[in-house]
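Participant: Got a file for you: my_file_34.csv, CSV, C-alpha atoms.
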chain,number,residue,atom,x,y,z
Q,1,MET,CA,55.4,-191.3,190.2
Q,2,ASN,CA,57.3,-194.6,189.9
Q,3,ALA,CA,58.1,-196.3,186.6
Q,4,ARG,CA,59.2,-199.8,185.6
Q,5,ALA,CA,62.9,-200.5,184.8
Q,6,LEU,CA,64.5,-202.8,182.3
Q,7,TYR,CA,68.2,-203.5,182.8
Q,8,LEU,CA,70.6,-204.3,180.0
Q,9,ARG,CA,74.2,-205.6,180.5
Q,10,LEU,CA,76.4,-204.3,177.6
Q,11,GLU,CA,79.6,-206.3,177.8
Q,12,GLY,CA,82.0,-207.6,175.2
Q,13,PRO,CA,85.5,-207.6,173.8
Q,14,LEU,CA,84.6,-204.6,171.6
Q,15,GLN,CA,81.9,-202.0,171.6
Q,16,ALA,CA,81.4,-199.0,169.3
Q,17,TRP,CA,78.7,-196.3,170.0
Q,18,GLY,CA,79.2,-193.5,167.4
Q,19,VAL,CA,77.7,-190.1,167.7
Q,20,ALA,CA,79.6,-188.0,165.0
Q,21,SER,CA,80.9,-190.6,162.5
Q,22,ASN,CA,81.4,-189.9,158.8
Q,23,TRP,CA,82.4,-192.3,156.1
Q,24,THR,CA,86.1,-192.6,156.8
Q,25,VAL,CA,86.3,-191.7,160.5
Q,26,ARG,CA,84.1,-193.8,162.7
Q,27,ASP,CA,84.2,-192.5,166.3
Q,28,THR,CA,82.8,-194.0,169.5
Q,29,CYS,CA,81.3,-192.4,172.6
Q,30,ARG,CA,82.7,-193.3,176.0
Q,31,GLU,CA,79.4,-195.1,176.9
Q,32,PRO,CA,76.5,-196.6,175.0
Q,33,THR,CA,74.2,-194.1,173.3
Q,34,LYS,CA,70.4,-194.1,173.4
Q,35,SER,CA,70.2,-194.1,169.5
Q,36,GLY,CA,72.5,-197.2,169.5
Q,37,ILE,CA,70.3,-199.0,172.1
Q,38,ALA,CA,67.2,-198.0,170.0
Q,39,GLY,CA,68.8,-199.7,166.9
Q,40,LEU,CA,69.7,-202.7,169.0
Q,41,LEU,CA,66.1,-203.0,170.3
Q,42,CYS,CA,64.7,-202.6,166.7
Q,43,CYS,CA,67.0,-205.4,165.7
Q,44,ALA,CA,65.6,-207.6,168.5
Q,45,LEU,CA,62.1,-206.8,167.3
Q,46,GLY,CA,63.0,-207.7,163.7
Q,47,LEU,CA,62.0,-204.3,162.3
Q,48,ARG,CA,63.3,-203.5,158.8
Q,49,ARG,CA,63.9,-199.9,157.7
Q,50,ASP,CA,60.7,-200.1,155.6
Q,51,SER,CA,58.6,-201.7,158.3
Q,52,ALA,CA,55.2,-200.1,158.9
Q,53,GLU,CA,55.7,-200.6,162.7
Q,54,LEU,CA,59.1,-199.0,162.8
Q,55,ALA,CA,58.0,-195.4,163.4
Q,56,GLY,CA,55.7,-196.4,166.2
Q,57,TRP,CA,58.4,-198.3,168.0
Q,58,ILE,CA,61.0,-195.6,167.7
Q,59,GLU,CA,58.5,-193.2,169.3
Q,60,LYS,CA,57.9,-195.6,172.2
Q,61,ILE,CA,61.6,-196.1,172.7
Q,62,ASN,CA,62.3,-192.4,172.6
Q,63,ALA,CA,59.6,-191.9,175.3
Q,64,LEU,CA,61.6,-194.2,177.7
Q,65,GLN,CA,64.0,-192.6,180.2
Q,66,PHE,CA,67.6,-193.8,179.6
Q,67,GLY,CA,70.7,-194.0,181.7
Q,68,VAL,CA,74.0,-196.0,181.6
Q,69,ARG,CA,76.4,-196.9,184.3
Q,70,GLU,CA,80.1,-197.5,183.6
Q,71,ASP,CA,81.0,-200.6,185.6
Q,72,ILE,CA,84.3,-201.4,183.8
Q,73,PRO,CA,85.6,-198.4,181.9
Q,74,GLY,CA,87.5,-200.4,179.2
Q,75,ARG,CA,90.2,-198.9,176.9
Q,76,LEU,CA,89.9,-196.8,173.7
Q,77,LEU,CA,91.1,-198.7,170.7
Q,78,LYS,CA,91.7,-197.1,167.3
Q,79,ASP,CA,91.8,-199.3,164.2
Q,80,TYR,CA,93.4,-198.4,160.8
Q,81,HIS,CA,91.0,-200.0,158.4
Q,82,THR,CA,91.0,-200.5,154.6
Q,83,VAL,CA,88.1,-201.5,152.5
Q,84,GLY,CA,88.1,-203.1,149.0
Q,85,ALA,CA,91.9,-203.6,148.6
Q,86,GLY,CA,92.4,-205.8,145.6
Q,87,ILE,CA,88.7,-205.8,144.7
Q,88,GLY,CA,87.9,-202.3,143.5
Q,89,ASN,CA,85.5,-199.6,144.9
Q,90,LEU,CA,83.1,-197.7,142.7
Q,91,LYS,CA,83.2,-193.9,142.3
Q,92,ALA,CA,80.0,-191.9,142.4
Q,93,LYS,CA,79.8,-192.1,138.6
Q,94,GLY,CA,80.0,-195.9,138.7
Q,95,ARG,CA,83.6,-196.3,137.7
Q,96,ILE,CA,86.3,-198.3,139.6
Q,97,LYS,CA,88.7,-196.3,141.7
Q,98,PHE,CA,92.4,-196.7,140.8
Q,99,ILE,CA,95.5,-195.3,142.5
Q,100,PRO,CA,96.5,-192.3,140.2
Q,101,ASN,CA,98.8,-193.3,137.3
Q,102,THR,CA,98.6,-197.0,138.1
Q,103,THR,CA,96.4,-200.0,137.4
Q,104,THR,CA,96.1,-200.9,141.1
Q,105,PHE,CA,92.7,-200.7,142.8
Q,106,GLU,CA,92.4,-197.9,145.3
Q,107,PRO,CA,91.2,-199.0,148.7
Q,108,ILE,CA,89.1,-196.9,151.0
Q,109,VAL,CA,91.1,-195.9,154.1
Q,110,SER,CA,89.1,-195.4,157.3
Q,111,TYR,CA,89.8,-195.0,161.0
Q,112,ARG,CA,87.5,-196.8,163.5
Q,113,SER,CA,87.4,-196.4,167.2
Q,114,TYR,CA,86.2,-199.0,169.7
Q,115,ILE,CA,85.9,-199.5,173.5
Q,116,SER,CA,87.6,-202.7,174.5
Q,117,ASP,CA,87.0,-204.9,177.5
Q,118,ALA,CA,84.3,-202.6,178.9
Q,119,SER,CA,81.1,-203.4,180.9
Q,120,PHE,CA,78.1,-201.1,181.1
Q,121,LEU,CA,74.8,-201.4,182.8
Q,122,ALA,CA,72.0,-199.5,180.9
Q,123,VAL,CA,68.5,-199.0,182.2
Q,124,LEU,CA,65.3,-198.1,180.4
Q,125,LEU,CA,62.5,-196.6,182.5
Q,126,GLY,CA,58.9,-196.2,181.5
Q,127,GLU,CA,55.7,-197.9,180.6
Q,128,GLU,CA,55.4,-201.5,181.8
Q,129,LYS,CA,53.7,-202.9,178.7
Q,130,THR,CA,56.4,-201.5,176.4
Q,131,LEU,CA,59.2,-202.8,178.6
Q,132,GLU,CA,57.5,-206.3,178.9
Q,133,GLN,CA,57.4,-206.5,175.1
Q,134,LEU,CA,61.1,-205.5,174.8
Q,135,GLN,CA,62.1,-207.9,177.5
Q,136,LEU,CA,60.4,-210.8,175.6
Q,137,ARG,CA,62.1,-210.0,172.4
Q,138,LEU,CA,65.5,-209.6,174.1
Q,139,GLU,CA,65.1,-213.1,175.5
Q,140,SER,CA,64.4,-214.4,172.0
Q,141,PRO,CA,65.6,-211.8,169.4
Q,142,GLU,CA,64.5,-211.9,165.8
Q,143,TRP,CA,68.0,-211.1,164.6
Q,144,PRO,CA,71.5,-211.3,166.1
Q,145,LEU,CA,72.4,-208.4,168.4
Q,146,PHE,CA,75.5,-206.3,168.4
Q,147,LEU,CA,77.1,-203.6,170.6
Q,148,GLY,CA,77.0,-200.8,168.2
Q,149,ARG,CA,78.6,-202.4,165.1
Q,150,LYS,CA,78.3,-205.9,163.6
Q,151,CYS,CA,81.8,-206.8,164.6
Q,152,CYS,CA,81.0,-206.2,168.2
Q,153,PRO,CA,79.0,-209.2,169.6
Q,154,PRO,CA,78.0,-209.3,173.3
Q,155,SER,CA,79.8,-211.8,175.5
Q,156,THR,CA,76.9,-212.1,178.0
Q,157,PRO,CA,73.1,-212.2,177.6
Q,158,LEU,CA,71.8,-208.6,177.3
Q,159,LEU,CA,69.2,-208.9,180.1
Q,160,GLU,CA,71.0,-208.3,183.4
Q,161,LYS,CA,70.6,-211.2,185.8
Q,162,ASP,CA,71.9,-209.3,188.8
Q,163,ALA,CA,69.0,-206.8,188.7
Q,164,GLU,CA,65.3,-207.0,189.4
Q,165,GLN,CA,63.8,-206.6,186.0
Q,166,LEU,CA,60.6,-204.4,185.7
Q,167,SER,CA,61.0,-203.2,189.3
Q,168,GLU,CA,59.7,-199.8,190.2
Q,169,HIS,CA,61.9,-196.7,190.6
Q,170,ARG,CA,61.4,-192.9,190.8
Q,171,ASN,CA,64.1,-192.0,188.3
Q,172,VAL,CA,67.0,-193.4,186.3
Q,173,GLU,CA,69.6,-192.5,188.9
Q,174,GLU,CA,67.8,-194.5,191.6
Q,175,ALA,CA,67.4,-197.5,189.2
Q,176,LEU,CA,71.1,-197.5,188.4
Q,177,LYS,CA,72.0,-197.4,192.2
Q,178,ALA,CA,69.6,-200.3,192.9
Q,179,ALA,CA,71.5,-202.8,190.7
Q,180,ALA,CA,74.5,-204.6,192.0
Q,181,TRP,CA,78.0,-204.2,190.6
Q,182,ARG,CA,79.9,-207.3,189.5
Q,183,PRO,CA,83.3,-207.9,187.9
Q,184,ARG,CA,83.5,-208.7,184.3
Q,185,LEU,CA,86.4,-211.0,185.0
Q,186,GLN,CA,86.8,-212.3,188.6
Q,187,GLY,CA,90.1,-211.6,190.2
Q,188,VAL,CA,91.0,-209.1,187.4
Q,189,ASP,CA,88.6,-206.2,187.5
Q,190,ALA,CA,89.1,-203.7,190.3
Q,191,LYS,CA,86.3,-202.8,192.7
Q,192,PRO,CA,84.7,-199.3,192.4
Q,193,GLY,CA,86.8,-196.6,194.2
Q,194,GLU,CA,85.6,-194.1,196.8
Q,195,ARG,CA,84.3,-191.8,194.0
Q,196,GLY,CA,81.9,-194.5,192.9
Q,197,LEU,CA,80.7,-195.4,189.4
Q,198,ARG,CA,80.4,-192.9,186.6
Q,199,ALA,CA,76.9,-192.7,185.1
Q,200,VAL,CA,75.4,-190.7,182.3
Q,201,ILE,CA,71.7,-190.0,182.6
Q,202,GLU,CA,69.0,-188.0,180.7
Q,203,ALA,CA,68.5,-184.5,182.0
Q,204,ASN,CA,66.6,-181.2,181.4
Q,205,ALA,CA,68.3,-178.4,179.6
Q,206,ALA,CA,68.1,-176.2,182.7
Q,207,ASP,CA,69.9,-178.8,185.0
Q,208,ALA,CA,73.3,-178.1,186.3
Q,209,GLY,CA,76.0,-179.7,184.2
Q,210,ALA,CA,73.6,-180.7,181.4
Q,211,ARG,CA,75.0,-180.9,177.9
Q,212,PRO,CA,73.3,-181.6,174.5
Q,213,VAL,CA,74.0,-184.7,172.4
Q,214,ASN,CA,72.7,-185.5,168.9
Q,215,ASP,CA,71.5,-188.9,170.0
Q,216,THR,CA,67.7,-189.3,169.6
Q,217,LEU,CA,66.9,-191.6,166.8
Q,218,LEU,CA,64.1,-190.1,164.7
Q,219,ARG,CA,64.2,-192.5,161.7
Q,220,LEU,CA,66.3,-195.2,160.2
Q,221,GLY,CA,65.9,-194.8,156.5
Q,222,PRO,CA,68.0,-192.7,156.0
Q,223,PRO,CA,69.2,-192.3,159.6
Q,224,GLN,CA,68.2,-189.0,161.2
Q,225,TYR,CA,68.9,-187.9,164.8
Q,226,GLY,CA,67.6,-185.3,167.2
Q,227,ARG,CA,69.0,-183.6,170.3
Q,228,ARG,CA,68.6,-184.7,173.9
Q,229,TRP,CA,70.2,-183.5,177.1
Q,230,VAL,CA,72.4,-185.6,179.5
Q,231,ARG,CA,74.4,-185.0,182.6
Q,232,GLU,CA,77.3,-187.0,184.2
Q,233,THR,CA,77.1,-188.1,187.8
Q,234,TRP,CA,78.9,-190.5,190.2
Q,235,LEU,CA,77.0,-193.2,192.0
Q,236,LYS,CA,78.3,-194.0,195.5
Q,237,ASN,CA,77.6,-197.0,197.8
Q,238,VAL,CA,76.5,-199.3,195.0
Q,239,ARG,CA,76.0,-202.8,196.3
Q,240,LEU,CA,78.8,-205.3,195.3
Q,241,ASN,CA,78.1,-208.8,194.1
Q,242,GLU,CA,81.5,-210.3,193.6
Q,243,ASP,CA,80.1,-213.9,193.9
Q,244,SER,CA,78.1,-213.5,190.6
Q,245,ALA,CA,80.0,-215.4,188.0
Q,246,PRO,CA,80.1,-214.0,184.4
Q,247,ILE,CA,77.5,-215.8,182.2
Q,248,PRO,CA,78.7,-217.1,178.9
Q,249,TYR,CA,76.9,-215.8,175.9
Q,250,GLN,CA,76.9,-219.3,174.2
Q,251,ASP,CA,77.7,-222.5,176.1
Q,252,GLU,CA,78.8,-224.4,173.0
Q,253,ARG,CA,79.4,-223.9,169.3
Q,254,PRO,CA,76.9,-225.5,166.9
Q,255,LYS,CA,77.7,-228.8,165.4
Q,256,ARG,CA,79.3,-228.8,162.0
Q,257,PRO,CA,78.7,-231.5,159.4
Q,258,ASP,CA,81.6,-233.7,158.1
Q,259,TYR,CA,81.5,-233.3,154.3
Q,260,THR,CA,84.4,-235.8,153.9
Q,261,SER,CA,82.6,-238.7,155.5
Q,262,THR,CA,81.6,-241.7,153.4
Q,263,THR,CA,78.0,-241.5,154.7
Q,264,TRP,CA,77.7,-237.9,153.5
Q,265,ARG,CA,79.3,-238.5,150.0
Q,266,GLU,CA,77.7,-241.8,149.2
Q,267,LYS,CA,74.3,-241.6,151.0
Q,268,LYS,CA,73.1,-238.2,152.2
Q,269,ARG,CA,74.2,-236.0,149.3
Q,270,PRO,CA,73.0,-238.3,146.5
Q,271,ALA,CA,69.7,-238.9,148.3
Q,272,ARG,CA,68.9,-235.1,148.5
Q,273,LEU,CA,70.0,-234.6,144.9
Q,274,LYS,CA,67.6,-237.2,143.8
Q,275,LEU,CA,64.8,-235.8,145.9
Q,276,ASP,CA,65.3,-232.4,144.2
Q,277,ASP,CA,65.4,-234.0,140.7
Q,278,TYR,CA,69.1,-232.8,140.4
Q,279,GLN,CA,68.0,-229.2,140.3
Q,280,CYS,CA,68.8,-226.1,142.3
Q,281,VAL,CA,65.7,-225.3,144.5
Q,282,VAL,CA,66.1,-221.6,143.8
Q,283,CYS,CA,66.9,-221.2,140.1
Q,284,ALA,CA,66.3,-224.8,138.8
Q,285,TRP,CA,69.9,-225.2,137.5
Q,286,ALA,CA,70.0,-228.8,136.3
Q,287,GLN,CA,73.6,-229.7,135.7
Q,288,SER,CA,74.8,-232.2,138.4
Q,289,LYS,CA,78.5,-231.0,138.3
Q,290,GLY,CA,77.5,-227.5,139.5
Q,291,LEU,CA,75.2,-228.6,142.4
Q,292,GLU,CA,75.9,-228.5,146.1
Q,293,GLU,CA,74.0,-229.3,149.3
Q,294,HIS,CA,73.1,-226.6,151.8
Q,295,HIS,CA,72.2,-227.3,155.4
Q,296,ARG,CA,68.9,-225.6,156.2
Q,297,THR,CA,69.6,-226.3,159.9
Q,298,TYR,CA,72.5,-227.8,161.9
Q,299,ALA,CA,70.2,-229.0,164.7
Q,300,ASN,CA,70.3,-232.7,163.7
Q,301,VAL,CA,74.0,-233.0,162.7
Q,302,PRO,CA,75.4,-235.7,162.2
Q,303,ASP,CA,72.0,-237.4,161.8
Q,304,GLU,CA,70.5,-235.0,159.2
Q,305,VAL,CA,66.9,-235.6,158.0
Q,306,ILE,CA,67.2,-235.7,154.3
Q,307,GLU,CA,63.7,-234.3,153.6
Q,308,THR,CA,63.9,-231.3,156.0
Q,309,ASP,CA,67.5,-230.5,156.8
Q,310,LEU,CA,69.1,-230.2,153.4
Q,311,ALA,CA,68.4,-228.4,150.1
Q,312,THR,CA,70.1,-228.6,146.7
Q,313,LEU,CA,71.7,-225.3,145.4
Q,314,CYS,CA,73.8,-224.4,142.4
Q,315,LYS,CA,77.2,-222.8,143.2
Q,316,GLN,CA,76.0,-219.2,142.6
Q,317,CYS,CA,72.9,-219.5,144.7
Q,318,HIS,CA,74.9,-221.2,147.4
Q,319,PHE,CA,77.4,-218.4,147.4
Q,320,ALA,CA,74.6,-215.9,147.6
Q,321,VAL,CA,73.2,-217.8,150.6
Q,322,THR,CA,76.6,-217.8,152.3
Q,323,MET,CA,76.9,-214.0,151.8
Q,324,LEU,CA,73.5,-213.4,153.3
Q,325,GLU,CA,74.3,-215.5,156.3
Q,326,TYR,CA,77.5,-213.6,156.9
Q,327,GLU,CA,75.6,-210.3,156.6
Q,328,TYR,CA,73.0,-211.4,159.1
Q,329,GLY,CA,75.6,-212.7,161.5
Q,330,MET,CA,74.1,-216.2,161.5
Q,331,ASP,CA,75.7,-219.2,163.1
Q,332,SER,CA,73.5,-222.0,164.3
Q,333,VAL,CA,70.5,-220.5,162.6
Q,334,ARG,CA,70.5,-220.9,158.8
Q,335,ILE,CA,68.8,-219.5,155.8
Q,336,ASP,CA,66.1,-221.8,154.4
Q,337,PRO,CA,66.2,-221.4,150.5
Q,338,CYS,CA,62.9,-223.2,150.3
Q,339,ASP,CA,61.2,-220.3,152.1
Q,340,ASP,CA,59.6,-217.9,149.6
Q,341,ALA,CA,60.8,-214.7,151.3
Q,342,GLU,CA,64.3,-216.0,151.6
Q,343,MET,CA,64.3,-217.2,148.0
Q,344,MET,CA,63.6,-213.7,146.8
Q,345,ARG,CA,66.6,-212.3,148.9
Q,346,ILE,CA,68.8,-215.1,147.5
Q,347,VAL,CA,67.9,-214.2,143.9
Q,348,GLU,CA,68.5,-210.4,144.5
Q,349,ARG,CA,71.9,-211.1,146.1
Q,350,ARG,CA,72.9,-213.5,143.3
Q,351,GLU,CA,72.2,-210.8,140.8
Q,352,GLU,CA,74.3,-208.3,142.8
Q,353,ILE,CA,77.2,-210.8,142.8
Q,354,ARG,CA,76.9,-211.4,139.1
Q,355,HIS,CA,76.9,-207.6,138.5
Q,356,GLU,CA,80.1,-207.2,140.6
Q,357,GLN,CA,81.8,-210.1,138.8
Q,358,ARG,CA,81.0,-208.6,135.4
Q,359,ALA,CA,82.4,-205.2,136.5
Q,360,ARG,CA,85.6,-206.8,137.6
Q,361,HIS,CA,85.9,-208.8,134.4
Q,362,LEU,CA,85.5,-205.6,132.4
Q,363,VAL,CA,88.2,-203.9,134.5
Q,364,LYS,CA,90.7,-206.8,133.9
Q,365,ARG,CA,90.1,-206.5,130.1
Q,366,ARG,CA,91.2,-202.8,130.1
Show me the file's structure as structure tokens.
Facilitator:
Amino acid sequence: MNARALYLRLEGPLQAWGVASNWTVRDTCREPTKSGIAGLLCCALGLRRDSAELAGWIEKINALQFGVREDIPGRLLKDYHTVGAGIGNLKAKGRIKFIPNTTTFEPIVSYRSYISDASFLAVLLGEEKTLEQLQLRLESPEWPLFLGRKCCPPSTPLLEKDAEQLSEHRNVEEALKAAAWRPRLQGVDAKPGERGLRAVIEANAADAGARPVNDTLLRLGPPQYGRRWVRETWLKNVRLNEDSAPIPYQDERPKRPDYTSTTWREKKRPARLKLDDYQCVVCAWAQSKGLEEHHRTYANVPDEVIETDLATLCKQCHFAVTMLEYEYGMDSVRIDPCDDAEMMRIVERREEIRHEQRARHLVKRR
């Protein structure tokens, strides 16, 4: 019986698909994992860990057949990484960690592995209605998408343009053979050799060469994984499409406001301050020296609409907004502090920042 296929192009400077990571050693598989793709799809759908719909979607995604083709192998990159140097990390008992017999904060040392300059073609095979919903959300994701970790953004749109989306195929191997190979960088990437392209596809435990991997996402909060079986194969005679130019992920960077301009300092900023009665829209702080203007959107820069594009914030609330935007990986899309749901997140993050500042102050007084 044939099933529909949804193709994903997983390509970027860095990728990381961990299968056996712990706190200080973060590994990566040679190819994208099904659990990693499940997390990516949940991100596109905008499903939080406590969402009532999360369990249902995880079940639907697990029911899809999954396979991945290695078009450009990439190179393994290992990064020596430190966390919290000069800031201070908390122990389990809530105290700051110090290097023994010193007053220097102790950083957390970790080793993180990545795949650099790789390109993979992944396919999901299954029910047409489920794949149509996923395709729609991948075209317009709820949250920014990443290739395993937040520091690994994709360099091309995730929906593969050189494959017939939602086409019918008997199995994953046939679907991966049907899609054309293209170079990541024209004139740089070598064509597939006589052996073909390496692929890892789902299998049964009794299949020759099948091996188990702990790679089925069961839940996200806290993460729990189950076993599935995969096998490695080589795909020969894959059609080449060398004329297909790589597609940029973003054609141009968003516009940035000029905060040094006379128009901003003498007209726009004072006008919004007056509109907000010289108060922070989140916490109602009312001292003009501590107030700043936040862009709710960059869409109209440099011709901002005072009533809809700006909002007055105190320094602490503005800092909390900035931290949330970094956490969400936002760029042209901004947090709107006038939105009730976002306002609650800003208040929570502001309190976390205050708690951290108090803890550091107490440490300095020792």
Participant: Write out as a ChimeraX atom specification the residues lying within 12 Å of Q:Pro154, counting all atoms listed in the file and excluding same-chain residues fewer than 5 positions away.
Facilitator: /Q:8-16,40,116-120,144-149,159,247-250
Participant: Using C-alpha atoms, can you write the selected residues to a file as a PDB file, in the coordinates of the input?
Facilitator:
ATOM      1  CA  LEU Q   8      70.600-204.300 180.000  1.00  0.00           C
ATOM      2  CA  ARG Q   9      74.200-205.600 180.500  1.00  0.00           C
ATOM      3  CA  LEU Q  10      76.400-204.300 177.600  1.00  0.00           C
ATOM      4  CA  GLU Q  11      79.600-206.300 177.800  1.00  0.00           C
ATOM      5  CA  GLY Q  12      82.000-207.600 175.200  1.00  0.00           C
ATOM      6  CA  PRO Q  13      85.500-207.600 173.800  1.00  0.00           C
ATOM      7  CA  LEU Q  14      84.600-204.600 171.600  1.00  0.00           C
ATOM      8  CA  GLN Q  15      81.900-202.000 171.600  1.00  0.00           C
ATOM      9  CA  ALA Q  16      81.400-199.000 169.300  1.00  0.00           C
ATOM     10  CA  LEU Q  40      69.700-202.700 169.000  1.00  0.00           C
ATOM     11  CA  SER Q 116      87.600-202.700 174.500  1.00  0.00           C
ATOM     12  CA  ASP Q 117      87.000-204.900 177.500  1.00  0.00           C
ATOM     13  CA  ALA Q 118      84.300-202.600 178.900  1.00  0.00           C
ATOM     14  CA  SER Q 119      81.100-203.400 180.900  1.00  0.00           C
ATOM     15  CA  PHE Q 120      78.100-201.100 181.100  1.00  0.00           C
ATOM     16  CA  PRO Q 144      71.500-211.300 166.100  1.00  0.00           C
ATOM     17  CA  LEU Q 145      72.400-208.400 168.400  1.00  0.00           C
ATOM     18  CA  PHE Q 146      75.500-206.300 168.400  1.00  0.00           C
ATOM     19  CA  LEU Q 147      77.100-203.600 170.600  1.00  0.00           C
ATOM     20  CA  GLY Q 148      77.000-200.800 168.200  1.00  0.00           C
ATOM     21  CA  ARG Q 149      78.600-202.400 165.100  1.00  0.00           C
ATOM     22  CA  LEU Q 159      69.200-208.900 180.100  1.00  0.00           C
ATOM     23  CA  ILE Q 247      77.500-215.800 182.200  1.00  0.00           C
ATOM     24  CA  PRO Q 248      78.700-217.100 178.900  1.00  0.00           C
ATOM     25  CA  TYR Q 249      76.900-215.800 175.900  1.00  0.00           C
ATOM     26  CA  GLN Q 250      76.900-219.300 174.200  1.00  0.00           C
TER      27      GLN Q 250
END
Participant: Pick out the residues sitting within 8 Å of Q:Asn2, and hand them over as a ChimeraX atom specification; count only C-alpha atoms, and ignore anything fewer than 3 positions along from it in its own chain.
Facilitator: /Q:168-171
Participant: One number please: atom CA of Q:Thr308 to atom CA of Q:Ile346, in Å, one decimal.
Facilitator: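 Straight-line distance from atom CA of Q:Thr308 to atom CA of Q:Ile346 works out to 18.9 Å.
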Participant: Measure the distance from atom CA of Q:Asp215 to atom CA of Q:Val200 in Å and round it to one decimal.
Facilitator: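 Straight-line distance from atom CA of Q:Asp215 to atom CA of Q:Val200 works out to 13.0 Å.
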Participant: Given all atoms listed in the file as the basis, pick out the residue of Q:Arg4, Q:Arg137, Q:Lys289, Q:His294 nearest to Q:Lys268.
Facilitator: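 For Q:Lys268, the nearest of the candidates is Q:His294.
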Participant: Just want the 8 Å neighbourhood of stretch 219-227 of chain Q, counted on all atoms listed in the file, with same-chain residues fewer than 4 positions away dropped. Output as a list in words.
Facilitator: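 Residues near the query, excluding close chain neighbours: Ser35, Arg49, Asp50, Ala55, Ile58, Pro212, Val213, Asn214 and Asp215 of chain Q.
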Participant: What does the distance from atom CA of Q:Gly126 to atom CA of Q:Asn241 come to in Å, to one decimal?
Facilitator: 26.2 Å
Participant: So that I can see what lies close to stretch 65-80 of chain Q, please list as a VMD selection string the residues with an atom at most 7 Å from it, counting all atoms listed in the file and leaving out residues fewer than 6 positions away in the same chain.
Facilitator: chain Q and resid 34 110 to 126 172 176 181 197 to 202
Participant: Tell me which of Q:Ala20, Q:Val230, Q:Leu235, Q:Ala208 sits closest to Q:Arg195, counting all atoms listed in the file.
Facilitator: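 For Q:Arg195, the nearest of the given residues is Q:Leu235.
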Participant: Hey, which of Q:Asn300, Q:Asn101, Q:Gln165, Q:Ser140 ends up closest to Q:Arg256? Count all atoms listed in the file.
Facilitator: Q:Asn300
Participant: From the set Q:Asp276, Q:Asp309, Q:Asp27, Q:Glu127, which residue has the shortest atom-to-atom contact distance to Q:Ile61, counting only C-alpha atoms?
Facilitator: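 Among Q:Asp276, Q:Asp309, Q:Asp27, Q:Glu127, it is Q:Glu127 that comes nearest to Q:Ile61.
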Participant: Smallest atom-to-atom distance to Q:Cys280: which of Q:Ala311, Q:Ala179, Q:Ala163, Q:Val301, using only C-alpha atoms?
Facilitator: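 Smallest distance to Q:Cys280 is found for Q:Ala311.
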Participant: For Q:Gln135, list every protein, DNA or RNA residue within 8 Å, evaluated using all atoms listed in the file, and leave out those in the same chain fewer than 4 positions away; present the list as a list in words.
Facilitator: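 Counting only the stated atoms, we get Leu6, Leu131, Glu139 and Leu159 of chain Q.
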Participant: Using the selection just defined, write its residues with C-alpha atoms as a PDB file, in the frame of the given file.
Facilitator:
ATOM      1  CA  LEU Q   6      64.500-202.800 182.300  1.00  0.00           C
ATOM      2  CA  LEU Q 131      59.200-202.800 178.600  1.00  0.00           C
ATOM      3  CA  GLU Q 139      65.100-213.100 175.500  1.00  0.00           C
ATOM      4  CA  LEU Q 159      69.200-208.900 180.100  1.00  0.00           C
TER       5      LEU Q 159
END
Participant: Nearest to Q:His318 among Q:Leu47, Q:Ala63, Q:Leu134, Q:Val282, with distances taken over only C-alpha atoms: which residue is it?
Facilitator: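 Result for the nearest residue to Q:His318: Q:Val282.
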